[in-house]
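Since the structure comes first, as structure tokens, the remarks are kept for the end.
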Amino acid sequence: MKVAENLRARGFEAIAVSTKEDALKEVLMEAENAESVGWGGSETLKEIGAREALQNSGKTICDHELVMDLFLLSANALTLDGRIVNIDGRGNRIAASIAGPKRVVYVIGRNKLVDGGIDAAIDRIKRFASAPNCVRLGKNTPCAKTQRCSSCDSPDRICKVTAIFDRKPTGINAKVVLVNEDLGY
Ligand code: SF4
């Protein structure tokens with residue numbers, strides 16, 4: 001898979017799997033020696049059943065701390081040339097994916113792939129993640145009413161911090177599990 005090769009060229013480990021069950025196996029294998037596992041608030045990880053499986057195997061799930069053995073998250077978008085793009089409201093997910101954990105593992109469904117570079121990635125995120133989340137969370141933003149991004153400057157906006165990973169950050173140990181299914185949004 002070309003995008004896996006491109007991620008490797010940018011310093012990430014990368015593996016492509018066909019199903020969410022295979023993705024869960026990867027996550028559990030990664031967590032085997034971790035006592036504490038950070039949780040990046042991801043619908044993708046919920047959909048593959050990661051939280052329940054980790055709790056059933058006795059792992060401590062950390063929702064807010066930055067120091068942990070393993071941090072699990074998804075991406076809001078991944079460009080075909082291997083760049084990960086995430087947008088946060090608080091920046092805590094992005095912060096934990098850059099510094100703190102011993103190991104970072106992304107689980108990314110095929111619906112997050114964009115053909116068209118960073119602008120296309122940000123456009124995807126605003127349309128399919130930020131605006132629907134503003135609707136779901138009842139935010140006081142234009143998109144919560146229109147379901148379209150108008151690049152607002154609302155104090156209530158949830159897209160405040162944007163991270164573009166041109167390469168794996170120095171000092172972290174990171175892997176991407178690419179899943180050939182639609183997962184999260
Ligand atoms: S910038 Fe404003 S309008 Fe656009 S998605 Fe974010 S919160 Fe919604």
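Identifiers in this document derive from the order of the structure tokens: chains are assigned A, B, ..., residues are numbered from 1 separately in each chain, and ligands are numbered from 1 in order of occurrence.
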### Task
Set the cut-off to 12 Å, count only C-alpha atoms and all ligand atoms, and list whatever residues fall near ligand 1 as a VMD selection string.
chain A and resid 87 to 89 122 to 162
### Task
Name all residues at most 8 Å from Ile118 in chain A (count only C-alpha atoms; drop same-chain ones fewer than 3 positions away) and give them as a ChimeraX atom specification.
/A:79,83,85,121-122,164
### Summary
Shortest contact to Ala4 in chain A, candidates A:Ala120, A:Ile94, A:Val107, A:Leu80, atoms counted only C-alpha atoms, goes to A:Leu80
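With CA of Glu32 in chain A on one side and CA of Leu113 in chain A on the other, the separation reads 28.4 Å.
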### Message
Here is a test: counting only C-alpha atoms, which residue of A:Lys59, A:Lys2, A:Lys20, A:Arg51 is nearest to Asp182 in chain A?
### Response
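Selected residue with least distance to Asp182 in chain A: A:Lys20.
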### Task
Find the residue from A:Val27, A:Leu78, A:Leu45, A:Ala174 that sits nearest to Ala96 in chain A; use only C-alpha atoms when measuring.
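Closest to Ala96 in chain A of all the choices is A:Ala174.
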### Task
Give the helix (DSSP H, G or I) residues of range 63-128 of chain A, as DSSP finds them on the backbone, and put them as number ranges by chain.
A: 92-98, 110-112, 117-128
Give me the residues within 8 Å of Leu73 in chain A as a PDB file with C-alpha atoms, in the first residue's frame, counting only C-alpha atoms and dropping any in the same chain fewer than 5 places off.
ATOM      1  CA  TRP A  39      -6.795   7.344  25.203  1.00  0.00           C
ATOM      2  CA  GLY A  40      -7.013   9.903  22.410  1.00  0.00           C
ATOM      3  CA  GLY A  41     -10.822  10.247  22.513  1.00  0.00           C
ATOM      4  CA  SER A  42     -11.267   8.434  19.227  1.00  0.00           C
ATOM      5  CA  LEU A  45     -10.851   3.168  18.616  1.00  0.00           C
ATOM      6  CA  ARG A  93      -4.638  14.832  22.104  1.00  0.00           C
ATOM      7  CA  VAL A 104       2.185   6.158  20.053  1.00  0.00           C
ATOM      8  CA  VAL A 105      -0.119   4.034  17.878  1.00  0.00           C
ATOM      9  CA  TYR A 106      -2.595   5.500  15.369  1.00  0.00           C
ATOM     10  CA  VAL A 107      -5.493   3.394  14.013  1.00  0.00           C
TER      11      VAL A 107
END
List every residue of chain A that DSSP, applied to the backbone, labels as strand (DSSP E or B), and write the result as a PDB file with N, CA and C atoms, in the first residue's frame.
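Resulting contents of out-v8.pdb:
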ATOM      1  N   GLU A  13       6.525   3.681  11.716  1.00  0.00           N
ATOM      2  CA  GLU A  13       6.241   2.303  11.334  1.00  0.00           C
ATOM      3  C   GLU A  13       4.827   2.322  10.754  1.00  0.00           C
ATOM      4  N   ALA A  14       4.521   1.425   9.840  1.00  0.00           N
ATOM      5  CA  ALA A  14       3.168   1.417   9.269  1.00  0.00           C
ATOM      6  C   ALA A  14       2.801   0.013   8.849  1.00  0.00           C
ATOM      7  N   ILE A  15       1.531  -0.323   9.066  1.00  0.00           N
ATOM      8  CA  ILE A  15       1.026  -1.629   8.650  1.00  0.00           C
ATOM      9  C   ILE A  15      -0.384  -1.426   8.110  1.00  0.00           C
ATOM     10  N   ALA A  16      -0.723  -2.134   7.036  1.00  0.00           N
ATOM     11  CA  ALA A  16      -2.077  -2.068   6.476  1.00  0.00           C
ATOM     12  C   ALA A  16      -2.799  -3.360   6.826  1.00  0.00           C
ATOM     13  N   VAL A  17      -4.020  -3.238   7.357  1.00  0.00           N
ATOM     14  CA  VAL A  17      -4.824  -4.420   7.687  1.00  0.00           C
ATOM     15  C   VAL A  17      -6.187  -4.277   7.020  1.00  0.00           C
ATOM     16  N   SER A  36      -0.047   1.216  31.480  1.00  0.00           N
ATOM     17  CA  SER A  36      -0.919   2.369  31.325  1.00  0.00           C
ATOM     18  C   SER A  36      -1.065   2.693  29.836  1.00  0.00           C
ATOM     19  N   VAL A  37      -2.311   2.932  29.435  1.00  0.00           N
ATOM     20  CA  VAL A  37      -2.584   3.204  28.026  1.00  0.00           C
ATOM     21  C   VAL A  37      -3.374   4.501  27.924  1.00  0.00           C
ATOM     22  N   GLY A  38      -2.846   5.470  27.179  1.00  0.00           N
ATOM     23  CA  GLY A  38      -3.523   6.756  26.996  1.00  0.00           C
ATOM     24  C   GLY A  38      -4.587   6.636  25.925  1.00  0.00           C
ATOM     25  N   TRP A  39      -5.621   7.457  26.062  1.00  0.00           N
ATOM     26  CA  TRP A  39      -6.795   7.344  25.203  1.00  0.00           C
ATOM     27  C   TRP A  39      -7.017   8.672  24.494  1.00  0.00           C
ATOM     28  N   THR A  60      -4.640  -0.077  32.635  1.00  0.00           N
ATOM     29  CA  THR A  60      -5.150   1.181  33.164  1.00  0.00           C
ATOM     30  C   THR A  60      -5.288   2.162  32.011  1.00  0.00           C
ATOM     31  N   ILE A  61      -6.500   2.682  31.809  1.00  0.00           N
ATOM     32  CA  ILE A  61      -6.721   3.645  30.723  1.00  0.00           C
ATOM     33  C   ILE A  61      -6.567   5.051  31.287  1.00  0.00           C
ATOM     34  N   CYS A  62      -5.681   5.857  30.683  1.00  0.00           N
ATOM     35  CA  CYS A  62      -5.461   7.233  31.148  1.00  0.00           C
ATOM     36  C   CYS A  62      -6.109   8.169  30.134  1.00  0.00           C
ATOM     37  N   LEU A  70       1.752   3.703  26.543  1.00  0.00           N
ATOM     38  CA  LEU A  70       1.232   3.635  25.165  1.00  0.00           C
ATOM     39  C   LEU A  70       0.111   4.643  24.998  1.00  0.00           C
ATOM     40  N   PHE A  71       0.135   5.421  23.921  1.00  0.00           N
ATOM     41  CA  PHE A  71      -0.961   6.355  23.644  1.00  0.00           C
ATOM     42  C   PHE A  71      -1.629   5.936  22.341  1.00  0.00           C
ATOM     43  N   LEU A  72      -2.949   5.707  22.401  1.00  0.00           N
ATOM     44  CA  LEU A  72      -3.719   5.275  21.233  1.00  0.00           C
ATOM     45  C   LEU A  72      -4.571   6.422  20.730  1.00  0.00           C
ATOM     46  N   LEU A  73      -4.593   6.626  19.423  1.00  0.00           N
ATOM     47  CA  LEU A  73      -5.443   7.661  18.853  1.00  0.00           C
ATOM     48  C   LEU A  73      -5.703   7.337  17.392  1.00  0.00           C
ATOM     49  N   ALA A  77      -7.265  13.158   9.461  1.00  0.00           N
ATOM     50  CA  ALA A  77      -7.015  12.985   8.023  1.00  0.00           C
ATOM     51  C   ALA A  77      -5.589  12.500   7.813  1.00  0.00           C
ATOM     52  N   LEU A  78      -5.415  11.764   6.728  1.00  0.00           N
ATOM     53  CA  LEU A  78      -4.087  11.275   6.326  1.00  0.00           C
ATOM     54  C   LEU A  78      -3.972  11.490   4.823  1.00  0.00           C
ATOM     55  N   THR A  79      -2.932  12.231   4.406  1.00  0.00           N
ATOM     56  CA  THR A  79      -2.760  12.465   2.969  1.00  0.00           C
ATOM     57  C   THR A  79      -2.106  11.236   2.329  1.00  0.00           C
ATOM     58  N   ILE A  84       0.071  13.111   8.427  1.00  0.00           N
ATOM     59  CA  ILE A  84      -1.064  13.013   9.349  1.00  0.00           C
ATOM     60  C   ILE A  84      -1.485  14.422   9.741  1.00  0.00           C
ATOM     61  N   VAL A  85      -2.808  14.673   9.764  1.00  0.00           N
ATOM     62  CA  VAL A  85      -3.316  15.983  10.188  1.00  0.00           C
ATOM     63  C   VAL A  85      -4.364  15.765  11.276  1.00  0.00           C
ATOM     64  N   ASN A  86      -4.187  16.425  12.408  1.00  0.00           N
ATOM     65  CA  ASN A  86      -5.165  16.370  13.502  1.00  0.00           C
ATOM     66  C   ASN A  86      -5.520  17.778  13.947  1.00  0.00           C
ATOM     67  N   ILE A  87      -6.785  17.975  14.264  1.00  0.00           N
ATOM     68  CA  ILE A  87      -7.243  19.269  14.780  1.00  0.00           C
ATOM     69  C   ILE A  87      -7.960  19.031  16.100  1.00  0.00           C
ATOM     70  N   ASP A  88      -7.560  19.772  17.132  1.00  0.00           N
ATOM     71  CA  ASP A  88      -8.134  19.642  18.477  1.00  0.00           C
ATOM     72  C   ASP A  88      -8.731  20.968  18.933  1.00  0.00           C
ATOM     73  N   ARG A 103       5.277   5.086  23.571  1.00  0.00           N
ATOM     74  CA  ARG A 103       4.897   4.552  22.265  1.00  0.00           C
ATOM     75  C   ARG A 103       3.561   5.184  21.864  1.00  0.00           C
ATOM     76  N   VAL A 104       3.425   5.569  20.574  1.00  0.00           N
ATOM     77  CA  VAL A 104       2.185   6.158  20.053  1.00  0.00           C
ATOM     78  C   VAL A 104       1.699   5.275  18.907  1.00  0.00           C
ATOM     79  N   VAL A 105       0.425   4.853  18.955  1.00  0.00           N
ATOM     80  CA  VAL A 105      -0.119   4.034  17.878  1.00  0.00           C
ATOM     81  C   VAL A 105      -1.406   4.673  17.359  1.00  0.00           C
ATOM     82  N   TYR A 106      -1.410   4.979  16.049  1.00  0.00           N
ATOM     83  CA  TYR A 106      -2.595   5.500  15.369  1.00  0.00           C
ATOM     84  C   TYR A 106      -3.335   4.335  14.710  1.00  0.00           C
ATOM     85  N   VAL A 107      -4.668   4.331  14.789  1.00  0.00           N
ATOM     86  CA  VAL A 107      -5.493   3.394  14.013  1.00  0.00           C
ATOM     87  C   VAL A 107      -6.335   4.259  13.078  1.00  0.00           C
ATOM     88  N   ILE A 108      -6.143   4.077  11.761  1.00  0.00           N
ATOM     89  CA  ILE A 108      -6.740   5.006  10.791  1.00  0.00           C
ATOM     90  C   ILE A 108      -7.534   4.229   9.744  1.00  0.00           C
ATOM     91  N   GLY A 109      -8.838   4.504   9.656  1.00  0.00           N
ATOM     92  CA  GLY A 109      -9.694   3.878   8.642  1.00  0.00           C
ATOM     93  C   GLY A 109      -9.507   4.531   7.279  1.00  0.00           C
ATOM     94  N   LEU A 113      -8.399   8.913   4.493  1.00  0.00           N
ATOM     95  CA  LEU A 113      -7.387   9.187   3.458  1.00  0.00           C
ATOM     96  C   LEU A 113      -7.862  10.282   2.522  1.00  0.00           C
ATOM     97  N   VAL A 114      -6.999  11.246   2.208  1.00  0.00           N
ATOM     98  CA  VAL A 114      -7.365  12.293   1.252  1.00  0.00           C
ATOM     99  C   VAL A 114      -6.311  12.376   0.152  1.00  0.00           C
ATOM    100  N   VAL A 161      -6.577  24.012  17.415  1.00  0.00           N
ATOM    101  CA  VAL A 161      -5.149  23.660  17.308  1.00  0.00           C
ATOM    102  C   VAL A 161      -4.986  22.648  16.177  1.00  0.00           C
ATOM    103  N   THR A 162      -4.158  23.003  15.183  1.00  0.00           N
ATOM    104  CA  THR A 162      -3.952  22.104  14.038  1.00  0.00           C
ATOM    105  C   THR A 162      -2.514  21.595  14.041  1.00  0.00           C
ATOM    106  N   ALA A 163      -2.371  20.276  13.941  1.00  0.00           N
ATOM    107  CA  ALA A 163      -1.023  19.687  13.859  1.00  0.00           C
ATOM    108  C   ALA A 163      -0.878  18.970  12.520  1.00  0.00           C
ATOM    109  N   ILE A 164       0.207  19.290  11.823  1.00  0.00           N
ATOM    110  CA  ILE A 164       0.538  18.618  10.559  1.00  0.00           C
ATOM    111  C   ILE A 164       1.848  17.873  10.794  1.00  0.00           C
ATOM    112  N   PHE A 165       1.807  16.564  10.640  1.00  0.00           N
ATOM    113  CA  PHE A 165       3.014  15.763  10.854  1.00  0.00           C
ATOM    114  C   PHE A 165       3.675  15.522   9.503  1.00  0.00           C
ATOM    115  N   ALA A 174       6.572   5.731  16.997  1.00  0.00           N
ATOM    116  CA  ALA A 174       5.173   5.764  16.543  1.00  0.00           C
ATOM    117  C   ALA A 174       4.891   4.795  15.413  1.00  0.00           C
ATOM    118  N   LYS A 175       3.675   4.284  15.426  1.00  0.00           N
ATOM    119  CA  LYS A 175       3.240   3.330  14.399  1.00  0.00           C
ATOM    120  C   LYS A 175       1.842   3.701  13.933  1.00  0.00           C
ATOM    121  N   VAL A 176       1.555   3.418  12.652  1.00  0.00           N
ATOM    122  CA  VAL A 176       0.227   3.664  12.085  1.00  0.00           C
ATOM    123  C   VAL A 176      -0.350   2.332  11.627  1.00  0.00           C
ATOM    124  N   VAL A 177      -1.558   2.026  12.099  1.00  0.00           N
ATOM    125  CA  VAL A 177      -2.280   0.841  11.619  1.00  0.00           C
ATOM    126  C   VAL A 177      -3.353   1.340  10.656  1.00  0.00           C
ATOM    127  N   LEU A 178      -3.190   1.021   9.378  1.00  0.00           N
ATOM    128  CA  LEU A 178      -4.126   1.468   8.334  1.00  0.00           C
ATOM    129  C   LEU A 178      -5.160   0.373   8.127  1.00  0.00           C
ATOM    130  N   VAL A 179      -6.433   0.730   8.263  1.00  0.00           N
ATOM    131  CA  VAL A 179      -7.483  -0.289   8.202  1.00  0.00           C
ATOM    132  C   VAL A 179      -8.319  -0.083   6.941  1.00  0.00           C
TER     133      VAL A 179
END
### Query
Of the candidates A:Ser18, A:Asn6, A:Asn173, A:Asn111, which shows the shortest atom-to-atom distance to Ala99 in chain A, using only C-alpha atoms?
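Looking only at the distances to Ala99 in chain A, the closest residue turns out to be A:Asn173.
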### Task
Within 8 Å of range 46-50 of chain A, counting only C-alpha atoms, which residues show up once you throw out same-chain ones fewer than 5 positions away? Write them as a ChimeraX atom specification, please.
/A:20-21,23-24,27-28,183-184
### Query
Closest to Gly100 in chain A among A:Arg10, A:Asp63, A:Met68, A:Pro169, using only C-alpha atoms?
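Of the candidates, the smallest distance to Gly100 in chain A is held by A:Met68.
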### Task
Give me, please, the distance in Å between CA of Glu181 in chain A and CA of Arg110 in chain A, quoted to one decimal.
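Between CA of Glu181 in chain A and CA of Arg110 in chain A the gap works out to 5.6 Å.
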### Query
Hey, which of A:Gly117, A:Gly91, A:Gly171, A:Gly58 ends up closest to Gly11 in chain A? Count only C-alpha atoms.
A:Gly171
